[in-house]
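For reference, the structure discussed in these notes is given below.
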There are 2 protein chains.
Amino acid sequence: MSAAAPLRPRKAQIDRTATALFRAQGFAATSMRELATALGLEAGSLYSHIKSKEEILHRVCFGLADSFFAGFAAATHETAPVAEQLRQAIVAHVRVLTHDSAASAVFLHEWRHLSEPARREFLALRDRYEGAFRELIARGVAAGELHTPDPAFAALTLLASLNWLPNWYRPEGKLTPDEIAHRLAEQLLSGLWPHRGSTGPA
Amino acid sequence: MSAAAPLRPRKAQIDRTATALFRAQGFAATSMRELATALGLEAGSLYSHIKSKEEILHRVCFGLADSFFAGFAAATHETAPVAEQLRQAIVAHVRVLTHDSAASAVFLHEWRHLSEPARREFLALRDRYEGAFRELIARGVAAGELHTPDPAFAALTLLASLNWLPNWYRPEGKLTPDEIAHRLAEQLLSGLWPHRGSTGPA
DNA sequence: TTCATTTGCTAACGGGCGTTAGCGGGCCTT
DNA sequence: AAGGCCCGCTAACGCCCGTTAGCAAATGAA
């Protein structure tokens, strides 16, 4: 599904710098001149490497979508208890979010500046991803491993909690990404009521 | 804290229309000419009512902050079990989010286009609000009514789940705002493990 | 050596931006 | 009838936008 021929280094650097700016200021509020300056270039020079401003956004958004799908697939194609698959999917999701939190923030917030038909395609991918979590949870409920009155609701809540991460995650913080992931999973699976030990259902 | 002298009706209408546009396209990508057209005006005419584009954003962001604080205060100043106060705070938060989901979306996403010092002030308010939830949860843990390894983490997760609501809430949907609030509270308090009935700790 | 590729420059294009100045008509109050 | 306000208009200001054209220096392969 992904493929992604390796970008020339300069192009990759443009993407990285643009991603940081898009995250900090938003896509619309970031100008090509600003991006060029951050790279030590003139504005026109950017167009030796890219076709348009939106092309950068497109690559960032769809590239990250690929990462999320790849992580989910790797976490769930094995035959394990569904609750464990869900936990692994959470870990995979958090790994993507923490591995490139700037791109993740752009992925989460700036996709609306994609023009059609890319925007529609992006939303379809996002829906599909969300649906995968929903179905995983539904399978867990059917198997008696999970409990919720509404799997769709639960999936929404779960992803919302995870996706807030790029807003506060700091790579130099105390917790490693995997520790964060497990703590998030713990929180989401166990809730806030006091009831039992922390490693799973009795 | 709030005060808020009632705006003249035309000004309030500008705020409402701008809020809808800011939500749909983002602050930076919404032009004053576009806003004027949506109101059946010419661009210059807007300035009979407002001082600047940012003034609108400022009013929306800080007005909603007031609403959130007012809701929280009303939900928690009584002497009730802490877990119940938390539930009420969740309900209050969701009421604000659903009562004006467009303004909420702007509040959540567009505050970064405030210039200093407003931006810093806004973030201080947001931190204070988050801190109030954190302390409420911490009190609940101390009282043995709640359980979490990390109240700060729990507050982050909780608010993230709630704040995703404006992205999918539709006023014409099947669930009323209060039903949504209770379901969210249920989900967040109970988690996804199967363990017991749905009304609280044993 | 030659030649294509990569990379960057300068200059400019058409157009949109937020905002202001000045004007004029309605409308309410007195 | 008069004065003041509310409201909207037209025209324009200086500035920044994304993008393109054309050119040149460096680089590396043949």
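Labels used: A, B, ... for chains in the order of the structure tokens, numbers from 1 for residues in each chain, and numbers from 1 for ligands as shown.
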How close does chain C get to chain B? List, as JSON lines, each residue of chain C within 8 Å, its nearest atom pair and the distance in Å to one decimal, counting only C-alpha atoms (C1' of nucleotides).
{"residue": "C:DC17", "atom": "C1'", "partner": "B:Ser31", "partner_atom": "CA", "distance": 7.5}
{"residue": "C:DG18", "atom": "C1'", "partner": "B:Met32", "partner_atom": "CA", "distance": 7.4}
{"residue": "C:DT19", "atom": "C1'", "partner": "B:Gly44", "partner_atom": "CA", "distance": 7.9}
Residues as selected, N, CA, C and O atoms (P, O5', C5', C4', C3', O3' and C1' of nucleotides), written as a compact mmCIF listing (two decimals), in the first residue's frame, can you do that?
# COMPACT_ATOMS: atom_id res chain seq x y z
P DC C 17 -9.01 37.44 -0.03
O5' DC C 17 -8.04 38.21 0.96
C5' DC C 17 -6.88 37.54 1.45
C4' DC C 17 -6.04 38.50 2.26
C3' DC C 17 -6.84 39.41 3.17
O3' DC C 17 -7.06 38.73 4.39
C1' DC C 17 -5.10 40.62 2.03
P DG C 18 -8.24 39.16 5.33
O5' DG C 18 -7.63 40.43 6.09
C5' DG C 18 -6.48 40.27 6.90
C4' DG C 18 -6.06 41.61 7.44
C3' DG C 18 -7.14 42.33 8.27
O3' DG C 18 -6.53 42.98 9.39
C1' DG C 18 -6.56 43.66 6.38
P DT C 19 -7.42 43.75 10.47
O5' DT C 19 -7.43 45.21 9.86
C5' DT C 19 -6.18 45.79 9.51
C4' DT C 19 -6.41 47.12 8.81
C3' DT C 19 -7.46 48.02 9.48
O3' DT C 19 -6.78 49.13 10.06
C1' DT C 19 -7.62 48.05 7.10
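Within the 12 Å cut-off around B:Glu121, using only C-alpha atoms (C1' of nucleotides) and omitting residues fewer than 4 positions from it on the same chain, the listed residues are His58, Cys61, Phe62, Ala65, Trp111, Arg112, Leu114, Ser115, Glu116, Pro117, Leu125, Arg126, Asp127 and Arg128 of chain B.
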Store the residues of this selection in a file with N, CA and C atoms, as a JSON list (two decimals), in the first residue's frame.
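The resulting out-v7.json:
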[["chain", "number", "residue", "atom", "x", "y", "z"],
["B", 58, "HIS", "N", -10.70, 36.88, 19.43],
["B", 58, "HIS", "CA", -10.48, 37.11, 20.85],
["B", 58, "HIS", "C", -11.79, 36.94, 21.63],
["B", 61, "CYS", "N", -12.90, 33.19, 21.70],
["B", 61, "CYS", "CA", -12.06, 32.33, 22.55],
["B", 61, "CYS", "C", -12.26, 32.63, 24.03],
["B", 62, "PHE", "N", -12.23, 33.89, 24.39],
["B", 62, "PHE", "CA", -12.33, 34.23, 25.81],
["B", 62, "PHE", "C", -13.77, 34.11, 26.32],
["B", 65, "ALA", "N", -14.13, 30.52, 27.09],
["B", 65, "ALA", "CA", -13.40, 30.20, 28.32],
["B", 65, "ALA", "C", -14.26, 30.54, 29.54],
["B", 111, "TRP", "N", -7.14, 29.27, 18.60],
["B", 111, "TRP", "CA", -6.54, 30.19, 19.57],
["B", 111, "TRP", "C", -5.10, 30.54, 19.21],
["B", 112, "ARG", "N", -4.42, 29.69, 18.45],
["B", 112, "ARG", "CA", -3.01, 30.00, 18.18],
["B", 112, "ARG", "C", -2.85, 31.22, 17.29],
["B", 114, "LEU", "N", -4.27, 33.99, 17.92],
["B", 114, "LEU", "CA", -4.24, 35.17, 18.78],
["B", 114, "LEU", "C", -2.79, 35.64, 18.87],
["B", 115, "SER", "N", -2.58, 36.95, 18.84],
["B", 115, "SER", "CA", -1.22, 37.44, 19.00],
["B", 115, "SER", "C", -0.98, 37.74, 20.49],
["B", 116, "GLU", "N", 0.27, 37.88, 20.83],
["B", 116, "GLU", "CA", 0.59, 38.17, 22.22],
["B", 116, "GLU", "C", 0.09, 39.57, 22.58],
["B", 117, "PRO", "N", -0.31, 39.80, 23.82],
["B", 117, "PRO", "CA", -0.25, 38.85, 24.93],
["B", 117, "PRO", "C", -1.50, 37.98, 25.06],
["B", 125, "LEU", "N", -5.37, 30.50, 30.90],
["B", 125, "LEU", "CA", -6.73, 30.10, 31.26],
["B", 125, "LEU", "C", -6.94, 28.61, 31.02],
["B", 126, "ARG", "N", -6.49, 28.16, 29.88],
["B", 126, "ARG", "CA", -6.68, 26.75, 29.53],
["B", 126, "ARG", "C", -5.96, 25.86, 30.52],
["B", 127, "ASP", "N", -4.75, 26.27, 30.89],
["B", 127, "ASP", "CA", -4.00, 25.49, 31.88],
["B", 127, "ASP", "C", -4.74, 25.46, 33.21],
["B", 128, "ARG", "N", -5.31, 26.60, 33.56],
["B", 128, "ARG", "CA", -6.01, 26.68, 34.83],
["B", 128, "ARG", "C", -7.23, 25.74, 34.83]]
Proximal residues of chain B relative to chain A (only C-alpha atoms; 10 Å) as a PyMOL selection string: chain B and resi 24-30+83+109-110+112-113+137+140-141+144-151+153-154+156-165+168+180+183-196+198+200-202
Considering only C-alpha atoms (C1' of nucleotides), tabulate each residue of chain D that lies at most 9 Å from chain A along with its nearest interatomic pair and the corresponding distance in Å to one decimal; arrange the rows by chain and ascending residue number and present them as CSV.
residue,atom,partner,partner_atom,distance
D:DC17,C1',A:Ser31,CA,7.5
D:DG18,C1',A:Met32,CA,7.4
D:DT19,C1',A:Gly44,CA,7.9
D:DT20,C1',A:Gly44,CA,8.5
query: Which residue gives the smallest distance to B:Ala152 among B:Pro171, B:Pro166, B:Gly63, B:Gly131, with only C-alpha atoms counted?
result: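 For B:Ala152, the nearest of the given residues is B:Gly131.
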- request: Take atom CA of B:His182 and atom CA of B:Leu86 and report the distance between them in Å, one decimal.
  value: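 A separation of 11.4 Å between them.
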- request: Please provide as a list in words all residues within 9 Å of stretch 7-9 of chain D, with the sequence filter that same-chain residues fewer than 3 positions apart are discarded (counting only C-alpha atoms (C1' of nucleotides)).
  value: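 Listed by chain and then number, they are Leu41, Glu42, Gly44, Ser45, Leu46, Ser48 and His49 of chain B; DC23, DG24 and DG26 of chain C.
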Give me a file of those residues, with all heavy atoms, as a short mmCIF file (atom, residue, chain, number, x, y, z; two decimals), in the first residue's frame.
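Output contents, as saved in out32.cif:
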data_model
loop_
_atom_site.label_atom_id
_atom_site.label_comp_id
_atom_site.auth_asym_id
_atom_site.auth_seq_id
_atom_site.Cartn_x
_atom_site.Cartn_y
_atom_site.Cartn_z
N LEU B 41 -22.64 42.11 3.11
CA LEU B 41 -22.03 43.43 3.26
C LEU B 41 -20.82 43.57 2.36
O LEU B 41 -20.37 42.61 1.75
CB LEU B 41 -21.56 43.64 4.71
CG LEU B 41 -22.60 43.65 5.83
CD1 LEU B 41 -21.90 43.86 7.16
CD2 LEU B 41 -23.64 44.70 5.57
N GLU B 42 -20.26 44.78 2.33
CA GLU B 42 -18.94 44.99 1.75
C GLU B 42 -17.91 44.91 2.89
O GLU B 42 -18.25 45.15 4.06
CB GLU B 42 -18.86 46.35 1.08
CG GLU B 42 -19.76 46.46 -0.14
CD GLU B 42 -19.45 45.39 -1.19
OE1 GLU B 42 -18.26 45.19 -1.47
OE2 GLU B 42 -20.39 44.77 -1.70
N GLY B 44 -15.38 46.71 3.90
CA GLY B 44 -15.12 47.87 4.75
C GLY B 44 -16.19 48.10 5.80
O GLY B 44 -15.92 48.63 6.89
N SER B 45 -17.41 47.69 5.48
CA SER B 45 -18.53 47.97 6.39
C SER B 45 -18.38 47.25 7.72
O SER B 45 -18.94 47.68 8.73
CB SER B 45 -19.84 47.55 5.73
OG SER B 45 -19.92 48.08 4.43
N LEU B 46 -17.64 46.15 7.71
CA LEU B 46 -17.46 45.41 8.96
C LEU B 46 -16.85 46.29 10.03
O LEU B 46 -17.12 46.11 11.22
CB LEU B 46 -16.56 44.19 8.71
CG LEU B 46 -17.16 43.07 7.85
CD1 LEU B 46 -16.08 42.08 7.45
CD2 LEU B 46 -18.26 42.36 8.62
N SER B 48 -17.36 49.20 10.86
CA SER B 48 -18.25 50.03 11.67
C SER B 48 -18.61 49.32 12.97
O SER B 48 -19.12 49.94 13.89
CB SER B 48 -19.54 50.34 10.90
OG SER B 48 -19.24 51.00 9.69
N HIS B 49 -18.37 48.01 13.00
CA HIS B 49 -18.82 47.22 14.15
C HIS B 49 -17.67 46.63 14.95
O HIS B 49 -17.80 46.41 16.15
CB HIS B 49 -19.72 46.07 13.67
CG HIS B 49 -20.88 46.54 12.86
ND1 HIS B 49 -22.06 46.96 13.43
CD2 HIS B 49 -21.06 46.69 11.54
CE1 HIS B 49 -22.91 47.33 12.49
NE2 HIS B 49 -22.32 47.18 11.32
P DC C 23 -15.65 63.94 2.94
OP1 DC C 23 -15.39 65.08 2.03
OP2 DC C 23 -15.75 64.16 4.41
"O5'" DC C 23 -16.97 63.20 2.46
"C5'" DC C 23 -16.93 62.46 1.23
"C4'" DC C 23 -18.16 61.58 1.13
"O4'" DC C 23 -18.02 60.46 2.02
"C3'" DC C 23 -19.44 62.30 1.54
"O3'" DC C 23 -20.34 62.29 0.45
"C2'" DC C 23 -19.97 61.50 2.73
"C1'" DC C 23 -19.28 60.16 2.56
N1 DC C 23 -19.08 59.44 3.84
C2 DC C 23 -19.71 58.20 4.04
O2 DC C 23 -20.42 57.74 3.14
N3 DC C 23 -19.54 57.54 5.22
C4 DC C 23 -18.76 58.07 6.17
N4 DC C 23 -18.59 57.40 7.30
C5 DC C 23 -18.10 59.33 5.99
C6 DC C 23 -18.29 59.98 4.82
P DG C 24 -21.58 63.34 0.50
OP1 DG C 24 -21.77 63.85 -0.87
OP2 DG C 24 -21.43 64.25 1.65
"O5'" DG C 24 -22.77 62.33 0.83
"C5'" DG C 24 -22.99 61.21 -0.01
"C4'" DG C 24 -24.01 60.31 0.64
"O4'" DG C 24 -23.41 59.66 1.78
"C3'" DG C 24 -25.24 61.06 1.18
"O3'" DG C 24 -26.38 60.32 0.82
"C2'" DG C 24 -25.03 61.06 2.68
"C1'" DG C 24 -24.31 59.73 2.87
N9 DG C 24 -23.53 59.63 4.10
C8 DG C 24 -22.66 60.56 4.61
N7 DG C 24 -22.12 60.19 5.74
C5 DG C 24 -22.65 58.93 5.99
C6 DG C 24 -22.44 58.04 7.04
O6 DG C 24 -21.70 58.18 8.02
N1 DG C 24 -23.19 56.86 6.89
C2 DG C 24 -24.03 56.60 5.85
N2 DG C 24 -24.67 55.43 5.87
N3 DG C 24 -24.25 57.44 4.85
C4 DG C 24 -23.53 58.58 4.98
P DG C 26 -32.63 57.04 2.27
OP1 DG C 26 -32.78 56.60 0.90
OP2 DG C 26 -33.23 58.31 2.73
"O5'" DG C 26 -33.13 55.87 3.23
"C5'" DG C 26 -33.82 56.26 4.37
"C4'" DG C 26 -33.12 55.66 5.59
"O4'" DG C 26 -31.95 56.44 5.92
"C3'" DG C 26 -34.04 55.72 6.79
"O3'" DG C 26 -34.24 54.39 7.24
"C2'" DG C 26 -33.30 56.57 7.81
"C1'" DG C 26 -31.86 56.56 7.30
N9 DG C 26 -31.12 57.79 7.58
C8 DG C 26 -31.02 58.89 6.76
N7 DG C 26 -30.25 59.82 7.26
C5 DG C 26 -29.81 59.30 8.46
C6 DG C 26 -28.94 59.86 9.43
O6 DG C 26 -28.38 60.95 9.42
N1 DG C 26 -28.76 58.99 10.51
C2 DG C 26 -29.34 57.74 10.61
N2 DG C 26 -29.05 57.06 11.71
N3 DG C 26 -30.14 57.21 9.72
C4 DG C 26 -30.33 58.04 8.68
#
task: Would you return as an MDAnalysis selection string the members of chain B that DSSP assigns to helix (DSSP H, G or I) on this structure's backbone?
output: chainID B and resid 9:25 32:38 43:48 53:76 82:99 101:109 111:113 118:142 151:163 165:167 177:190
field: Nearest candidate to B:Gly40 (options B:Ile14, B:Ala103, B:Ala143, B:Ala92; using only C-alpha atoms)
entry: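 The answer is B:Ile14, which sits nearest to B:Gly40.
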